[in-house]
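Novice: Questions regarding the structure given below will be posed in turn.
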Amino acid sequence: MPEELDRELLERFVQGDQEAFELLFRMFEADVYRWILRIVCDASAAEDVLVEAFWRAYRGRTRFDSSRSFGAWMRRIATNAACDHLGTSRHLRYLEKREWDAIEAPPVKDPTLHESITRAFHKLPATLQVVAMLALVDERPYAEIADALDLPIGTVKSRVFRAVVKLRRELERLGVRP
Amino acid sequence: MNDEQVKHLLRSAFPQPERKEPTRDLWPSIVRRIEMPRVWSRIDIVVAAGLLAGIAVMLVVLPKALLLLAYL
């Protein structure tokens, strides 16, 4: 994320200057979008969550410390908004092929295997889905995930461990073999 | 199935999305959201009404509780 930010711009944002906020939005929009898309796996939902995240950032701007990283703060808000989306949308479904087309990334060749893996993944609680996606699929560092989720690194590690155990159990129940 | 095999299966099911940015300009939606007046939901109203009713009942039953409220 772009981090070399003008302190004055951040202070104007904290004071409620919408022009400053728009500049920040333009700078961080793409990065935050990609981060959210990775968590929610749905291009259309990612756009809604992005709007929600920036709205939350504006609403909570007085809590932002302009000496800190705007990118890290924004990512934390985006992660919370994405988790809320996962929690409320009851993501217990597998992604249809058209949805993969929508994010322009092909799924695995075997549709039955793909369905089983995504079904097992979406059976995880939202808190475990997020860490599993960021740590296991995206291979983000634990420290970065911990910062985005506002959690100690140890908690992230234990969530990853629990996610793997649950996934393994569910995949085996569904008859998936590596 | 070991951890690496679980990871491999996950990565195969969730490849890196190629889309890098939203399909449309989302700034107007954010501005609309900011300018939208804050609306109280039914739950907010019920909770607020319940809280006020609870305080009123407590004051009727225990008038000395007013002193407790003065500390808050």
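Residues in the structure tokens are numbered from 1 in each chain, the chains being A, B, ... in the order shown, and ligands are numbered from 1 in the order shown.
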Tell me as number ranges by chain which residues belonging to chain B come within 6 Å of chain A, counting only C-alpha atoms.
Specialist: B: 7, 11-13, 17-19, 21, 30
Novice: Next, dump the selected residues to file, keeping only C-alpha atoms, as a PDB file, in the first residue's frame.
Specialist:
```
ATOM      1  CA  LYS B   7      -2.775 -25.855   1.645  1.00  0.00           C
ATOM      2  CA  ARG B  11      -4.639 -22.828  -3.356  1.00  0.00           C
ATOM      3  CA  SER B  12      -5.945 -24.847  -6.262  1.00  0.00           C
ATOM      4  CA  ALA B  13      -9.526 -23.898  -5.380  1.00  0.00           C
ATOM      5  CA  PRO B  17      -7.903 -13.214  -8.758  1.00  0.00           C
ATOM      6  CA  GLU B  18      -6.714 -11.320 -11.794  1.00  0.00           C
ATOM      7  CA  ARG B  19      -9.008  -8.377 -11.224  1.00  0.00           C
ATOM      8  CA  GLU B  21      -9.579  -2.865  -9.096  1.00  0.00           C
ATOM      9  CA  ILE B  30     -19.178   6.622  -0.632  1.00  0.00           C
TER      10      ILE B  30
END
```
Novice: Taking into account only C-alpha atoms, which residue in the set A:Val160, A:Thr155, A:Glu19, A:Asp6 is nearest to B:Asp3?
Specialist: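 Between A:Val160, A:Thr155, A:Glu19, A:Asp6, the residue approaching B:Asp3 most closely is A:Val160.
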Novice: Can you work out the spacing between atom CA of A:Ala82 and atom CA of A:Ile39 in Å, to one decimal?
Specialist: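 For atom CA of A:Ala82 relative to atom CA of A:Ile39, the distance reads 6.6 Å.
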